[in-house]
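A.B. asks: Here you go, my_file_3.cif (mmCIF, C-alpha atoms and all ligand atoms):
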data_structure
#
loop_
_atom_site.label_atom_id
_atom_site.label_comp_id
_atom_site.auth_asym_id
_atom_site.auth_seq_id
_atom_site.Cartn_x
_atom_site.Cartn_y
_atom_site.Cartn_z
CA MET A 224 98.24 161.15 43.59
CA LYS A 225 99.90 159.02 40.95
CA THR A 226 97.95 158.21 37.82
CA ALA A 227 98.49 155.78 35.01
CA PRO A 228 101.29 156.88 32.69
CA SER A 229 100.18 158.84 29.66
CA GLY A 230 98.86 156.72 26.86
CA HIS A 231 96.62 154.83 29.27
CA ALA A 232 93.16 155.93 28.34
CA HIS A 233 90.27 156.47 30.70
CA THR A 234 87.70 153.76 30.26
CA HIS A 235 84.93 156.12 29.29
CA SER A 236 83.22 153.52 27.20
CA ASN A 237 83.29 149.84 26.63
CA GLY A 238 84.78 150.39 23.20
CA HIS A 239 87.61 148.00 23.99
CA ALA A 240 86.69 147.16 27.46
CA ASN A 241 86.01 143.50 26.95
CA GLY A 242 89.49 142.34 27.61
CA HIS A 243 90.01 141.15 24.03
CA ALA A 244 93.53 141.58 22.85
CA SER A 245 93.94 143.38 19.57
CA SER A 246 94.36 140.84 16.84
CA HIS A 247 97.72 140.33 15.13
CA ALA A 248 97.85 138.43 11.91
CA GLY A 249 99.96 135.28 11.74
CA HIS A 250 99.57 131.58 12.32
CA ASP A 251 101.71 131.48 15.46
CA ARG A 252 98.99 133.55 17.16
CA LEU A 253 96.87 130.40 17.28
CA ILE A 254 99.38 128.78 19.60
CA GLU A 255 100.98 131.71 21.44
CA PRO A 256 98.22 133.38 23.46
CA ARG A 257 97.51 130.38 25.72
CA LYS A 258 101.11 130.12 26.84
CA LYS A 259 101.29 133.86 27.43
CA ALA A 260 98.01 133.98 29.35
CA SER A 261 98.95 131.19 31.73
CA ARG A 262 102.43 132.58 32.32
CA SER A 263 101.10 136.06 33.06
CA SER A 264 98.32 134.74 35.26
CA LEU A 265 100.83 132.69 37.24
CA ALA A 266 102.95 135.81 37.60
CA ALA A 267 99.85 137.72 38.77
CA HIS A 268 99.11 135.03 41.40
CA ALA A 269 102.72 135.16 42.57
CA LYS A 270 102.60 138.96 42.89
CA PHE A 271 99.35 138.77 44.84
CA LEU A 272 100.79 136.22 47.26
CA ALA A 273 104.01 138.22 47.65
CA GLU A 274 101.96 141.31 48.49
CA PHE A 275 99.99 139.34 51.06
CA ILE A 276 103.22 138.19 52.70
CA SER A 277 104.58 141.76 52.81
CA HIS A 278 101.33 143.54 53.75
CA PRO A 279 98.75 141.08 55.13
CA GLY A 280 96.69 143.91 56.66
CA ARG A 281 96.30 145.66 53.33
CA MET A 282 95.55 142.55 51.30
CA GLY A 283 93.28 140.49 53.55
CA ALA A 284 93.51 137.44 51.24
CA VAL A 285 96.13 135.12 49.81
CA ALA A 286 94.45 134.80 46.41
CA ALA A 287 92.63 137.07 43.99
CA SER A 288 88.84 136.89 43.71
CA GLY A 289 87.42 134.33 41.32
CA PRO A 290 85.10 134.97 38.36
CA ALA A 291 82.00 133.81 40.27
CA LEU A 292 82.48 136.53 42.89
CA ALA A 293 83.27 139.14 40.23
CA LYS A 294 80.05 138.29 38.37
CA ARG A 295 78.02 138.42 41.57
CA MET A 296 79.39 141.92 42.25
CA ALA A 297 78.75 143.19 38.72
CA ALA A 298 75.17 141.87 38.89
CA GLN A 299 74.38 144.30 41.75
CA ILE A 300 74.84 147.36 39.55
CA ASP A 301 72.22 149.17 37.50
CA TRP A 302 74.58 149.67 34.55
CA ALA A 303 72.07 151.53 32.36
CA ASN A 304 71.89 154.35 34.91
CA THR A 305 75.53 154.44 35.94
CA ARG A 306 77.51 157.40 34.64
CA ALA A 307 80.46 157.37 37.03
CA ILE A 308 81.85 154.37 38.90
CA VAL A 309 85.03 153.65 40.83
CA GLU A 310 86.60 150.42 42.00
CA TYR A 311 88.66 150.45 45.20
CA GLY A 312 91.47 147.89 45.43
CA PRO A 313 91.47 146.23 41.99
CA GLY A 314 94.63 144.27 42.83
CA THR A 315 95.58 142.27 39.75
CA GLY A 316 92.29 143.23 38.06
CA THR A 317 90.13 140.13 38.38
CA VAL A 318 86.96 142.00 39.39
CA THR A 319 87.89 144.93 37.14
CA GLU A 320 87.94 142.65 34.13
CA GLU A 321 84.31 141.68 34.80
CA LEU A 322 83.16 145.24 35.60
CA ILE A 323 84.48 146.73 32.36
CA LYS A 324 82.46 144.26 30.33
CA HIS A 325 79.35 146.10 31.53
CA VAL A 326 80.46 149.74 31.40
CA LYS A 327 78.28 151.69 28.94
CA PRO A 328 79.67 154.12 26.38
CA GLY A 329 80.11 157.54 27.99
CA THR A 330 80.37 156.15 31.51
CA LYS A 331 83.49 157.00 33.51
CA PHE A 332 85.20 154.08 35.13
CA PHE A 333 88.40 154.34 37.11
CA ALA A 334 90.15 152.39 39.83
CA ILE A 335 92.33 153.11 42.87
CA GLU A 336 95.01 150.65 43.94
CA ARG A 337 97.40 151.31 46.79
CA SER A 338 100.04 148.71 45.95
CA PRO A 339 102.43 149.84 43.18
CA GLU A 340 103.31 146.21 42.42
CA LEU A 341 99.69 145.14 41.92
CA ALA A 342 98.86 148.36 40.06
CA ALA A 343 101.62 147.45 37.59
CA VAL A 344 100.09 144.00 37.04
CA CYS A 345 96.61 145.48 36.62
CA ARG A 346 97.90 148.04 34.10
CA ARG A 347 99.58 145.36 32.05
CA ARG A 348 96.45 143.23 32.11
CA LEU A 349 93.94 146.02 31.46
CA PRO A 350 95.77 148.97 29.92
CA GLN A 351 92.49 150.63 28.97
CA VAL A 352 91.53 151.19 32.63
CA HIS A 353 92.44 154.50 34.21
CA LEU A 354 94.18 153.41 37.35
CA TYR A 355 95.25 155.64 40.24
CA GLU A 356 98.10 154.38 42.36
CA ASP A 357 96.76 155.84 45.57
CA SER A 358 94.62 155.16 48.62
CA ALA A 359 90.83 155.10 48.50
CA GLU A 360 90.98 157.68 51.31
CA ASN A 361 91.71 160.20 48.54
CA ILE A 362 88.59 159.48 46.51
CA VAL A 363 87.39 163.11 46.70
CA GLU A 364 90.59 164.49 45.14
CA ILE A 365 90.64 161.70 42.56
CA CYS A 366 87.04 162.43 41.53
CA ARG A 367 88.05 166.06 41.11
CA ALA A 368 90.95 165.03 38.88
CA GLU A 369 88.54 162.89 36.87
CA GLY A 370 86.06 165.74 36.49
CA VAL A 371 83.44 163.68 38.34
CA GLU A 372 81.13 165.65 40.60
CA GLN A 373 79.46 162.65 42.19
CA LEU A 374 79.77 158.93 41.76
CA ASP A 375 76.79 156.68 41.05
CA VAL A 376 78.53 153.52 42.24
CA VAL A 377 81.48 152.56 44.44
CA VAL A 378 82.73 148.98 44.11
CA SER A 379 84.95 148.03 47.01
CA CYS A 380 87.38 145.13 46.92
CA LEU A 381 89.05 146.42 50.08
CA PRO A 382 89.78 144.06 52.98
CA TRP A 383 87.77 146.04 55.54
CA ALA A 384 88.06 143.36 58.21
CA SER A 385 91.87 143.74 58.16
CA PHE A 386 91.79 147.54 58.44
CA PRO A 387 92.17 149.49 61.68
CA GLU A 388 89.12 151.45 62.78
CA SER A 389 90.63 154.81 61.78
CA LEU A 390 91.19 153.67 58.18
CA GLN A 391 87.71 152.15 57.94
CA ASP A 392 86.26 155.47 59.08
CA SER A 393 88.35 157.72 56.88
CA ILE A 394 87.61 155.72 53.71
CA LEU A 395 83.89 155.49 54.52
CA THR A 396 83.69 159.20 55.33
CA ALA A 397 85.50 160.17 52.13
CA THR A 398 83.21 157.82 50.21
CA MET A 399 80.17 159.65 51.58
CA LYS A 400 81.50 162.86 50.06
CA ALA A 401 82.09 161.31 46.64
CA LEU A 402 79.05 159.04 46.29
CA LYS A 403 75.72 160.68 45.44
CA PRO A 404 72.81 160.30 47.89
CA GLY A 405 71.12 157.04 46.95
CA GLY A 406 74.30 155.90 45.15
CA LYS A 407 75.22 152.23 45.35
CA PHE A 408 78.03 150.73 47.41
CA VAL A 409 78.99 147.16 46.48
CA GLY A 410 81.62 145.31 48.45
CA PHE A 411 82.69 141.83 49.36
CA GLY A 412 83.89 140.23 52.53
CA TYR A 413 85.15 136.82 53.49
CA GLN A 414 82.95 134.58 55.58
CA MET A 415 85.67 134.34 58.21
CA GLY A 416 86.22 138.09 58.23
CA LEU A 417 82.66 138.66 59.45
CA LEU A 418 83.53 136.92 62.69
CA THR A 419 86.57 139.04 63.55
CA PRO A 420 86.19 142.13 65.79
CA ALA A 421 87.23 144.46 62.93
CA GLY A 422 84.82 142.75 60.51
CA ARG A 423 81.96 142.98 62.99
CA ARG A 424 82.79 146.63 63.70
CA PHE A 425 82.82 147.44 59.98
CA HIS A 426 79.47 145.78 59.27
CA GLY A 427 78.05 147.33 62.42
CA ARG A 428 79.05 150.77 61.12
CA LEU A 429 77.45 150.38 57.70
CA PRO A 430 73.91 151.46 58.73
CA ARG A 431 75.30 154.89 59.68
CA TYR A 432 76.19 155.44 56.05
CA PHE A 433 73.89 153.21 54.03
CA GLU A 434 70.30 152.07 53.93
CA ASN A 435 68.75 149.04 52.20
CA ILE A 436 71.78 147.02 53.23
CA GLY A 437 71.82 143.57 51.66
CA ARG A 438 74.07 140.54 51.91
CA SER A 439 74.29 137.76 49.35
CA ARG A 440 74.54 134.05 49.94
CA PRO A 441 78.18 132.96 50.18
CA VAL A 442 80.03 132.44 46.92
CA TRP A 443 81.45 129.04 47.84
CA LEU A 444 83.46 128.81 44.63
CA ASN A 445 85.61 131.69 45.76
CA ILE A 446 88.80 131.03 47.72
CA PRO A 447 88.20 131.82 50.51
CA PRO A 448 84.35 131.79 50.35
CA ALA A 449 83.05 135.34 50.20
CA LEU A 450 79.78 137.20 50.21
CA VAL A 451 78.72 140.39 48.49
CA PHE A 452 77.15 143.23 50.43
CA THR A 453 75.40 146.30 49.09
CA GLY A 454 73.90 149.50 50.42
CA ASP A 455 72.45 152.78 49.19
CA ARG A 456 74.13 155.94 50.47
CA ARG A 457 71.93 157.68 53.00
CA GLN A 458 70.68 161.18 52.24
CA GLN A 459 72.28 162.30 55.50
CA PRO A 460 74.99 159.92 56.62
CA ASP A 461 75.91 159.91 60.26
CA PHE A 462 79.59 160.87 59.96
CA VAL A 463 81.90 159.53 62.61
CA PRO A 464 83.12 162.46 64.75
CA GLY A 465 86.84 162.98 64.34
CA ALA A 466 87.21 160.97 61.14
CA SER A 467 89.78 162.80 59.08
CA ARG A 468 87.77 163.27 55.88
C1 LIG B 501 91.40 141.51 48.97
S1 LIG B 501 92.49 142.33 47.81
C2 LIG B 501 91.37 142.36 46.41
C3 LIG B 501 92.09 142.40 45.11
C4 LIG B 501 91.23 142.13 43.88
N1 LIG B 501 90.28 143.19 43.63
C5 LIG B 501 90.48 140.84 44.05
O1 LIG B 501 89.27 140.90 44.25
O2 LIG B 501 91.11 139.82 43.99
C6 LIG B 501 92.49 143.99 48.41
C7 LIG B 501 93.14 145.00 47.51
O3 LIG B 501 92.95 146.30 48.08
C8 LIG B 501 94.17 147.03 47.96
N2 LIG B 501 94.15 148.09 48.99
C9 LIG B 501 94.36 147.95 50.33
N3 LIG B 501 94.21 149.14 50.95
C10 LIG B 501 93.88 150.04 50.00
C11 LIG B 501 93.57 151.43 50.02
N4 LIG B 501 93.58 152.13 51.16
N5 LIG B 501 93.27 152.04 48.85
C12 LIG B 501 93.25 151.35 47.68
N6 LIG B 501 93.54 150.03 47.59
C13 LIG B 501 93.84 149.37 48.74
C14 LIG B 501 95.24 145.99 48.17
O4 LIG B 501 96.50 146.42 47.71
C15 LIG B 501 94.64 144.82 47.36
O5 LIG B 501 94.98 144.93 46.00
#
Just give me the structure as structure tokens.
Ligand SMILES: C[S@@+](CC[C@H](N)C(=O)[O-])C[C@H]1O[C@@H](n2cnc3c(N)ncnc32)[C@H](O)[C@@H]1O

C.D. replies:
Amino acid sequence: MKTAPSGHAHTHSNGHANGHASSHAGHDRLIEPRKKASRSSLAAHAKFLAEFISHPGRMGAVAASGPALAKRMAAQIDWANTRAIVEYGPGTGTVTEELIKHVKPGTKFFAIERSPELAAVCRRRLPQVHLYEDSAENIVEICRAEGVEQLDVVVSCLPWASFPESLQDSILTATMKALKPGGKFVGFGYQMGLLTPAGRRFHGRLPRYFENIGRSRPVWLNIPPALVFTGDRRQQPDFVPGASR
């Protein structure tokens, strides 16, 4: 398990979780930030695309989620009653940036990203987020490292429809161990992904683990169009026999 280098604080509160850069005095600041932001966001897009080319099955998309999808995801969460929340697959941090705007003081927020290249981009963009460079399959161990007994919310940005069955099962099974009964699972999927065999299998599996499953209208502004799905962890999930965790 590889964590953020020391000096990267846990986002326990939203003290500086709004993505505002610390202010530096000087007139050139009025001109500089725009150039920097667009250059770094171009670099982030390029990294995302390069990752897709190298690992299409892990990425599931050629472009990062847009703000409309991120807002739709954040709106599913009861922030006032959330004490511990994780994001799976933050990538370059587009959804993360929206989530941390809502995190209440005292709430633990951390993220797990498998790609070292994208984790590096996310760290640069959001240094206040405690980011684990690891697989979501290891959520139980990561919660232990965080001192979290049970999570209230799991936000998933994972491309489930691109995953093999065994990976879908092992992440879902591990998630059942980390998420409290009744805890919220919020994910997104691409319209097209729902039609693939792996996408259909994943959504068909969800009722074993979650109740009150909901699906949003498509977020057409996202590229590609996506929808948000939610579920509440069952009191007694029906674990898949043989799943590794
Ligand atoms: C569809 S991209 C989403 C990225 C970003 N959150 C967004 O919405 O644009 C999926 C992300 O999940 C990451 N990922 C894939 N498998 C993973 C795993 N087993 N554990 C953690 N992250 C994973 C990928 O590296 C990628 O960053």

A.B. asks: So that I can check the surroundings of Gly280 in chain A, please list as a list of chain:residue names every protein, DNA and RNA residue that reaches within 10 Å of it, counting all atoms listed in the file and ignoring chain neighbours fewer than 4 positions away.

C.D. replies: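 In the requested form, the answer reads A:Phe275, A:Ile276, A:Ala284, A:Pro382, A:Trp383, A:Ala384, A:Ser385, A:Phe386, A:Pro387.
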
A.B. asks: Considering all atoms listed in the file, state which residue in the set A:Ser393, A:Gln459, A:Gln299, A:Asn304 is at the smallest distance from ligand LIG 501 (chain B).

C.D. replies: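 Counting all atoms listed in the file, the residue closest to ligand LIG 501 (chain B) is A:Ser393.
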
A.B. asks: Using only C-alpha atoms, collect all residues at a distance of at most 7 Å from (82.8, 151.4, 41.2) as written in the file, then present them as a VMD selection string.

C.D. replies: chain A and resid 308 to 310 376 to 378

A.B. asks: For chain A versus ligand LIG 501 (chain B), which residues have an atom no more than 9 Å away, and what is each residue's nearest atom pair and distance in Å rounded to one decimal, using all atoms listed in the file, chain-then-number order, as JSON lines?

C.D. replies:
{"residue": "A:Phe271", "atom": "CA", "partner": "B:LIG501", "partner_atom": "O5", "distance": 7.6}
{"residue": "A:Glu274", "atom": "CA", "partner": "B:LIG501", "partner_atom": "O4", "distance": 7.5}
{"residue": "A:Phe275", "atom": "CA", "partner": "B:LIG501", "partner_atom": "C15", "distance": 8.5}
{"residue": "A:His278", "atom": "CA", "partner": "B:LIG501", "partner_atom": "O4", "distance": 8.3}
{"residue": "A:Gly280", "atom": "CA", "partner": "B:LIG501", "partner_atom": "C9", "distance": 7.9}
{"residue": "A:Arg281", "atom": "CA", "partner": "B:LIG501", "partner_atom": "C9", "distance": 4.2}
{"residue": "A:Met282", "atom": "CA", "partner": "B:LIG501", "partner_atom": "C6", "distance": 4.4}
{"residue": "A:Gly283", "atom": "CA", "partner": "B:LIG501", "partner_atom": "C1", "distance": 5.1}
{"residue": "A:Ala284", "atom": "CA", "partner": "B:LIG501", "partner_atom": "C1", "distance": 5.1}
{"residue": "A:Val285", "atom": "CA", "partner": "B:LIG501", "partner_atom": "C1", "distance": 8.0}
{"residue": "A:Ala286", "atom": "CA", "partner": "B:LIG501", "partner_atom": "O2", "distance": 6.5}
{"residue": "A:Ala287", "atom": "CA", "partner": "B:LIG501", "partner_atom": "O2", "distance": 3.1}
{"residue": "A:Ser288", "atom": "CA", "partner": "B:LIG501", "partner_atom": "O2", "distance": 3.7}
{"residue": "A:Gly289", "atom": "CA", "partner": "B:LIG501", "partner_atom": "O2", "distance": 7.1}
{"residue": "A:Leu292", "atom": "CA", "partner": "B:LIG501", "partner_atom": "O1", "distance": 8.2}
{"residue": "A:Ala293", "atom": "CA", "partner": "B:LIG501", "partner_atom": "O1", "distance": 7.4}
{"residue": "A:Glu310", "atom": "CA", "partner": "B:LIG501", "partner_atom": "N1", "distance": 8.3}
{"residue": "A:Tyr311", "atom": "CA", "partner": "B:LIG501", "partner_atom": "C12", "distance": 5.3}
{"residue": "A:Gly312", "atom": "CA", "partner": "B:LIG501", "partner_atom": "O3", "distance": 3.4}
{"residue": "A:Pro313", "atom": "CA", "partner": "B:LIG501", "partner_atom": "N1", "distance": 3.7}
{"residue": "A:Gly314", "atom": "CA", "partner": "B:LIG501", "partner_atom": "O5", "distance": 3.3}
{"residue": "A:Thr315", "atom": "CA", "partner": "B:LIG501", "partner_atom": "C4", "distance": 6.0}
{"residue": "A:Gly316", "atom": "CA", "partner": "B:LIG501", "partner_atom": "N1", "distance": 5.9}
{"residue": "A:Thr317", "atom": "CA", "partner": "B:LIG501", "partner_atom": "O2", "distance": 5.7}
{"residue": "A:Val318", "atom": "CA", "partner": "B:LIG501", "partner_atom": "O1", "distance": 5.5}
{"residue": "A:Thr319", "atom": "CA", "partner": "B:LIG501", "partner_atom": "N1", "distance": 7.1}
{"residue": "A:Ala334", "atom": "CA", "partner": "B:LIG501", "partner_atom": "C12", "distance": 8.5}
{"residue": "A:Ile335", "atom": "CA", "partner": "B:LIG501", "partner_atom": "C12", "distance": 5.2}
{"residue": "A:Glu336", "atom": "CA", "partner": "B:LIG501", "partner_atom": "N6", "distance": 4.0}
{"residue": "A:Arg337", "atom": "CA", "partner": "B:LIG501", "partner_atom": "N6", "distance": 4.1}
{"residue": "A:Ser338", "atom": "CA", "partner": "B:LIG501", "partner_atom": "O4", "distance": 4.6}
{"residue": "A:Pro339", "atom": "CA", "partner": "B:LIG501", "partner_atom": "O4", "distance": 8.2}
{"residue": "A:Glu340", "atom": "CA", "partner": "B:LIG501", "partner_atom": "O4", "distance": 8.6}
{"residue": "A:Leu341", "atom": "CA", "partner": "B:LIG501", "partner_atom": "O5", "distance": 6.2}
{"residue": "A:Ala342", "atom": "CA", "partner": "B:LIG501", "partner_atom": "O5", "distance": 7.9}
{"residue": "A:Tyr355", "atom": "CA", "partner": "B:LIG501", "partner_atom": "C12", "distance": 8.8}
{"residue": "A:Glu356", "atom": "CA", "partner": "B:LIG501", "partner_atom": "C12", "distance": 7.8}
{"residue": "A:Asp357", "atom": "CA", "partner": "B:LIG501", "partner_atom": "C12", "distance": 6.1}
{"residue": "A:Ser358", "atom": "CA", "partner": "B:LIG501", "partner_atom": "N5", "distance": 3.4}
{"residue": "A:Ala359", "atom": "CA", "partner": "B:LIG501", "partner_atom": "N5", "distance": 3.9}
{"residue": "A:Glu360", "atom": "CA", "partner": "B:LIG501", "partner_atom": "N4", "distance": 6.1}
{"residue": "A:Asn361", "atom": "CA", "partner": "B:LIG501", "partner_atom": "N5", "distance": 8.3}
{"residue": "A:Ser379", "atom": "CA", "partner": "B:LIG501", "partner_atom": "N1", "distance": 8.0}
{"residue": "A:Cys380", "atom": "CA", "partner": "B:LIG501", "partner_atom": "N1", "distance": 4.8}
{"residue": "A:Leu381", "atom": "CA", "partner": "B:LIG501", "partner_atom": "O3", "distance": 4.4}
{"residue": "A:Pro382", "atom": "CA", "partner": "B:LIG501", "partner_atom": "C1", "distance": 5.0}
{"residue": "A:Trp383", "atom": "CA", "partner": "B:LIG501", "partner_atom": "N3", "distance": 8.5}
{"residue": "A:Phe386", "atom": "CA", "partner": "B:LIG501", "partner_atom": "N3", "distance": 8.0}
{"residue": "A:Leu390", "atom": "CA", "partner": "B:LIG501", "partner_atom": "N4", "distance": 7.6}
{"residue": "A:Gln391", "atom": "CA", "partner": "B:LIG501", "partner_atom": "N4", "distance": 9.0}
{"residue": "A:Ile394", "atom": "CA", "partner": "B:LIG501", "partner_atom": "N4", "distance": 7.4}
{"residue": "A:Phe411", "atom": "CA", "partner": "B:LIG501", "partner_atom": "O1", "distance": 8.4}
{"residue": "A:Gly412", "atom": "CA", "partner": "B:LIG501", "partner_atom": "C1", "distance": 8.4}

A.B. asks: Can you work out the spacing between CA of Ala298 in chain A and CA of His325 in chain A in Å, to one decimal?

C.D. replies: 9.5 Å

A.B. asks: Between A:Ala401, A:Leu374, A:Ile323, A:Ile300, which is the closest to His353 in chain A once you count all atoms listed in the file?

C.D. replies: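 The answer is A:Ile323, which sits nearest to His353 in chain A.
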
A.B. asks: Using CA of Gly422 in chain A and CA of Phe452 in chain A as the two end points, give the distance in Å to one decimal.

C.D. replies: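 Value for the CA of Gly422 in chain A-CA of Phe452 in chain A distance: 12.7 Å.
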
A.B. asks: One decimal, in Å: what's the spacing between CA of Leu418 in chain A and CA of Gly454 in chain A?

C.D. replies: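 CA of Gly454 in chain A lies 20.0 Å from CA of Leu418 in chain A.
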
A.B. asks: Please write as an MDAnalysis selection string the list of polymer residues whose atoms come within 12 Å of (81.6, 151.2, 60.5), counting all atoms listed in the file and keeping to the coordinates of the file.

C.D. replies: chainID A and resid 383:384 386:396 420:433 460:463 466

A.B. asks: Choose the residue, out of A:Pro441, A:Pro404, A:Gly329, A:Pro350, that has the smallest atom-to-atom separation from Ala291 in chain A; count all atoms listed in the file.

C.D. replies: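 Using all atoms listed in the file, Ala291 in chain A sits closest to A:Pro441.
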
A.B. asks: Rank nothing, just name the residue among A:Met399, A:Leu444, A:Ala449, A:Ile365 nearest to Gln414 in chain A, using all atoms listed in the file.

C.D. replies: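 The shortest atom-to-atom distance to Gln414 in chain A comes from A:Ala449.
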
A.B. asks: Tell me which of A:Ser277, A:Ala297, A:Cys345, A:Val326 sits closest to Val451 in chain A, counting all atoms listed in the file.

C.D. replies: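 Closest candidate: A:Ala297.
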
A.B. asks: I need the residue nearest Leu354 in chain A from this list: A:Phe333, A:Thr453, A:Ser264, A:Leu322. Use all atoms listed in the file for the distance.

C.D. replies: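 Counting all atoms listed in the file, the residue closest to Leu354 in chain A is A:Phe333.
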